[in-house]
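**Student:** Before I ask anything, let me first share the structure, which is written out below as structure tokens.
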Amino acid sequence: MKTNNKNIILIILFAVILGIVWFVYEKPMSGNSDDSFLEAGEVAYAGGTHREFSESSPSPARASFSKNKEMIYIHVVGAVKRPDVYIFDHKPRIVDVIKKAGGFKKNAAKNTINMAESLDDGMQLVIPTKSEVNKLEKQRKADSGNESLAEGIKVDLNKATRDELMTLSGVGESKADAIIEYRESTGKFKKIEDLMNIPGIKEGVFNKIKDKISIG
């Protein structure tokens, strides 16, 4: 009876020892896979590992893009409340620049501005006043009137100087000299068609300038 009890105790001890040996040697081996050594923020993939980046920690590519992003500088002057140089992280439109500059002044010529126009880096935006626009318009009308007056003045074949004759299309130095020589040698031109008596001035040239010449 005592022998049987001893055998049972030996079997139990052997089993306990065997379990301890398995736990000590086998468990760590099963836990030493590559995945157990991945650092926080890394995931396994075929052939190795790569790091995942959360929204709070941007990827290197995204961080590089943000760092190297070109800024747009626009200088706004004139009839705005806060003329200055303003910086944008995107290509702005005039409406964006006006808002940053505090809006138009009361005397700004708003109707002359295309608010939807986009601006490039380094541009200067000039907002004119109403009085400046009116002054410019008057100057344009005056210039236009002067041009019309100049167009209405005809070259007098009997009185024009050499330089004045050369303002006519197709009349160069030699033809201008010939016109002067003709009127000095034969007398005044009686009619504008007499101009075709000048060598080198035929019907083609005459038709081009007949509305710009006269006789006095």
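Ordering of the structure tokens sets the chain letters (A, B, ...), residue numbers begin anew at 1 in every chain, and ligands are numbered from 1 in the order given.
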Can you check which residues of range 51-212 of chain A DSSP gives as strand (DSSP E) on the backbone and send them as a ChimeraX atom specification?
**Tutor:** /A:51,72-78,84-88,124-127,155-156
**Student:** For the selection you just gave me, I'd like the residues written to a file as a compact mmCIF listing (two decimals), in the first residue's frame, keeping N, CA and C atoms.
**Tutor:**
# COMPACT_ATOMS: atom_id res chain seq x y z
N ARG A 51 5.63 51.97 -40.82
CA ARG A 51 5.02 52.72 -39.73
C ARG A 51 3.76 53.40 -40.21
N ILE A 72 1.83 83.02 -51.37
CA ILE A 72 1.52 84.05 -52.36
C ILE A 72 1.49 85.41 -51.67
N TYR A 73 2.31 86.34 -52.17
CA TYR A 73 2.38 87.69 -51.62
C TYR A 73 1.71 88.67 -52.59
N ILE A 74 0.72 89.43 -52.09
CA ILE A 74 0.00 90.41 -52.90
C ILE A 74 0.07 91.78 -52.22
N HIS A 75 0.45 92.80 -52.97
CA HIS A 75 0.52 94.17 -52.45
C HIS A 75 -0.71 94.94 -52.95
N VAL A 76 -1.56 95.35 -52.04
CA VAL A 76 -2.76 96.10 -52.41
C VAL A 76 -2.62 97.54 -51.95
N VAL A 77 -2.88 98.48 -52.87
CA VAL A 77 -2.77 99.91 -52.57
C VAL A 77 -3.99 100.63 -53.13
N GLY A 78 -4.13 101.90 -52.77
CA GLY A 78 -5.23 102.68 -53.30
C GLY A 78 -6.39 102.79 -52.32
N ASP A 84 -1.59 97.22 -47.77
CA ASP A 84 -0.44 96.49 -47.21
C ASP A 84 -0.11 95.31 -48.11
N VAL A 85 0.92 94.56 -47.71
CA VAL A 85 1.27 93.31 -48.37
C VAL A 85 0.60 92.18 -47.59
N TYR A 86 -0.18 91.35 -48.29
CA TYR A 86 -0.89 90.25 -47.64
C TYR A 86 -0.42 88.92 -48.21
N ILE A 87 -0.35 87.92 -47.31
CA ILE A 87 0.20 86.61 -47.66
C ILE A 87 -0.92 85.58 -47.67
N PHE A 88 -0.95 84.75 -48.71
CA PHE A 88 -1.96 83.71 -48.86
C PHE A 88 -1.28 82.36 -49.07
N GLN A 124 0.85 93.62 -57.70
CA GLN A 124 0.33 94.79 -56.98
C GLN A 124 -1.07 95.08 -57.49
N LEU A 125 -2.01 95.17 -56.57
CA LEU A 125 -3.40 95.46 -56.90
C LEU A 125 -3.69 96.92 -56.55
N VAL A 126 -4.02 97.73 -57.56
CA VAL A 126 -4.29 99.15 -57.35
C VAL A 126 -5.79 99.39 -57.47
N ILE A 127 -6.40 99.91 -56.40
CA ILE A 127 -7.83 100.22 -56.40
C ILE A 127 -7.99 101.73 -56.61
N VAL A 155 -3.45 117.90 -95.93
CA VAL A 155 -2.18 118.45 -96.37
C VAL A 155 -2.41 119.30 -97.62
N ASP A 156 -2.07 120.58 -97.52
CA ASP A 156 -2.24 121.49 -98.66
C ASP A 156 -1.06 121.32 -99.61
**Student:** When you draw a straight line from CA of Ile215 in chain A to CA of Arg183 in chain A, how long is it in Å?
**Tutor:**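 Separation of CA of Ile215 in chain A and CA of Arg183 in chain A: 11.2 Å.
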**Student:** Would you list the contacts of Met166 in chain A as a VMD selection string, taking every protein, DNA or RNA residue within 12 Å and counting only C-alpha atoms, but skipping same-chain residues closer than 2 positions in sequence?
**Tutor:** chain A and resid 155 157 160 to 164 168 to 180 209 213
**Student:** Using N, CA and C atoms, can you export the residues from the last selection as a compact mmCIF listing (two decimals), in the first residue's frame?
**Tutor:**
# COMPACT_ATOMS: atom_id res chain seq x y z
N VAL A 155 -3.45 117.90 -95.93
CA VAL A 155 -2.18 118.45 -96.37
C VAL A 155 -2.41 119.30 -97.62
N LEU A 157 -1.34 120.86 -100.83
CA LEU A 157 -0.26 120.59 -101.79
C LEU A 157 0.49 121.86 -102.18
N ALA A 160 2.29 122.92 -98.18
CA ALA A 160 2.90 121.96 -97.26
C ALA A 160 4.41 121.94 -97.39
N THR A 161 5.05 121.74 -96.26
CA THR A 161 6.51 121.61 -96.25
C THR A 161 6.89 120.19 -96.67
N ARG A 162 8.18 120.01 -96.82
CA ARG A 162 8.69 118.68 -97.22
C ARG A 162 8.27 117.62 -96.19
N ASP A 163 8.43 117.92 -94.89
CA ASP A 163 8.08 116.95 -93.84
C ASP A 163 6.57 116.68 -93.81
N GLU A 164 5.77 117.72 -94.03
CA GLU A 164 4.32 117.54 -94.04
C GLU A 164 3.89 116.66 -95.21
N LEU A 168 2.14 111.78 -95.90
CA LEU A 168 1.19 111.10 -96.78
C LEU A 168 1.70 109.71 -97.14
N SER A 169 0.81 108.75 -97.18
CA SER A 169 1.17 107.37 -97.50
C SER A 169 1.73 107.28 -98.92
N GLY A 170 2.89 106.66 -99.06
CA GLY A 170 3.50 106.48 -100.38
C GLY A 170 4.35 107.64 -100.84
N VAL A 171 4.43 108.71 -100.02
CA VAL A 171 5.23 109.88 -100.40
C VAL A 171 6.48 109.91 -99.52
N GLY A 172 7.61 109.66 -100.15
CA GLY A 172 8.88 109.70 -99.44
C GLY A 172 9.62 110.99 -99.73
N GLU A 173 10.92 110.98 -99.48
CA GLU A 173 11.72 112.20 -99.66
C GLU A 173 11.73 112.64 -101.13
N SER A 174 11.99 111.70 -102.01
CA SER A 174 12.11 112.07 -103.43
C SER A 174 10.79 112.58 -103.99
N LYS A 175 9.67 111.98 -103.63
CA LYS A 175 8.36 112.42 -104.12
C LYS A 175 7.98 113.77 -103.51
N ALA A 176 8.31 113.97 -102.24
CA ALA A 176 8.03 115.26 -101.60
C ALA A 176 8.82 116.37 -102.29
N ASP A 177 10.09 116.11 -102.61
CA ASP A 177 10.91 117.10 -103.32
C ASP A 177 10.34 117.38 -104.71
N ALA A 178 9.83 116.33 -105.36
CA ALA A 178 9.26 116.49 -106.71
C ALA A 178 7.99 117.33 -106.68
N ILE A 179 7.18 117.16 -105.62
CA ILE A 179 5.95 117.96 -105.49
C ILE A 179 6.29 119.43 -105.32
N ILE A 180 7.29 119.73 -104.49
CA ILE A 180 7.70 121.12 -104.25
C ILE A 180 8.28 121.72 -105.53
N ILE A 209 -4.40 108.63 -100.91
CA ILE A 209 -4.20 109.89 -100.15
C ILE A 209 -5.14 111.01 -100.60
N ILE A 213 -5.56 115.22 -98.84
CA ILE A 213 -4.89 116.35 -99.47
C ILE A 213 -5.90 117.41 -99.92
**Student:** Determine the nearest neighbour of Lys106 in chain A from the options A:Pro128, A:Lys210, A:Met196, A:Ile201, counting only C-alpha atoms.
**Tutor:** A:Pro128
**Student:** Quote the spacing between CA of Asp194 in chain A and CA of Lys208 in chain A in Å to one decimal place.
**Tutor:**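 Going from CA of Asp194 in chain A over to CA of Lys208 in chain A covers 14.9 Å.
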**Student:** Which residues are near Met71 in chain A? Cut-off 12 Å, only C-alpha atoms, ignore same chain within fewer than 4 positions. Put them as a ChimeraX atom specification.
**Tutor:** /A:66-67,86-92,120-122
**Student:** Would you mind exporting the chosen residues as an mmCIF file, in the first residue's frame, restricted to N, CA and C atoms?
**Tutor:**
data_model
loop_
_atom_site.group_PDB
_atom_site.id
_atom_site.type_symbol
_atom_site.label_atom_id
_atom_site.label_comp_id
_atom_site.auth_asym_id
_atom_site.auth_seq_id
_atom_site.Cartn_x
_atom_site.Cartn_y
_atom_site.Cartn_z
ATOM 1 N N SER A 66 3.737 70.474 -46.638
ATOM 2 C CA SER A 66 3.321 71.630 -45.843
ATOM 3 C C SER A 66 4.475 72.606 -45.658
ATOM 4 N N LYS A 67 5.679 72.063 -45.457
ATOM 5 C CA LYS A 67 6.850 72.898 -45.214
ATOM 6 C C LYS A 67 7.264 73.650 -46.461
ATOM 7 N N TYR A 86 -0.184 91.352 -48.289
ATOM 8 C CA TYR A 86 -0.894 90.254 -47.641
ATOM 9 C C TYR A 86 -0.417 88.919 -48.207
ATOM 10 N N ILE A 87 -0.345 87.921 -47.308
ATOM 11 C CA ILE A 87 0.198 86.610 -47.659
ATOM 12 C C ILE A 87 -0.924 85.582 -47.668
ATOM 13 N N PHE A 88 -0.954 84.754 -48.714
ATOM 14 C CA PHE A 88 -1.959 83.710 -48.858
ATOM 15 C C PHE A 88 -1.279 82.364 -49.070
ATOM 16 N N ASP A 89 -1.936 81.300 -48.615
ATOM 17 C CA ASP A 89 -1.396 79.954 -48.855
ATOM 18 C C ASP A 89 -2.036 79.326 -50.082
ATOM 19 N N HIS A 90 -2.761 80.132 -50.856
ATOM 20 C CA HIS A 90 -3.365 79.679 -52.099
ATOM 21 C C HIS A 90 -3.432 80.877 -53.041
ATOM 22 N N LYS A 91 -3.674 80.620 -54.321
ATOM 23 C CA LYS A 91 -3.764 81.704 -55.298
ATOM 24 C C LYS A 91 -5.066 82.464 -55.069
ATOM 25 N N PRO A 92 -4.998 83.717 -54.603
ATOM 26 C CA PRO A 92 -6.218 84.432 -54.224
ATOM 27 C C PRO A 92 -6.890 85.114 -55.409
ATOM 28 N N ASP A 120 -1.510 86.507 -59.208
ATOM 29 C CA ASP A 120 -0.299 85.707 -59.081
ATOM 30 C C ASP A 120 0.624 86.306 -58.015
ATOM 31 N N ASP A 121 1.580 85.487 -57.582
ATOM 32 C CA ASP A 121 2.521 85.919 -56.553
ATOM 33 C C ASP A 121 3.297 87.158 -56.998
ATOM 34 N N GLY A 122 3.427 88.132 -56.099
ATOM 35 C CA GLY A 122 4.218 89.323 -56.382
ATOM 36 C C GLY A 122 3.462 90.437 -57.078
#
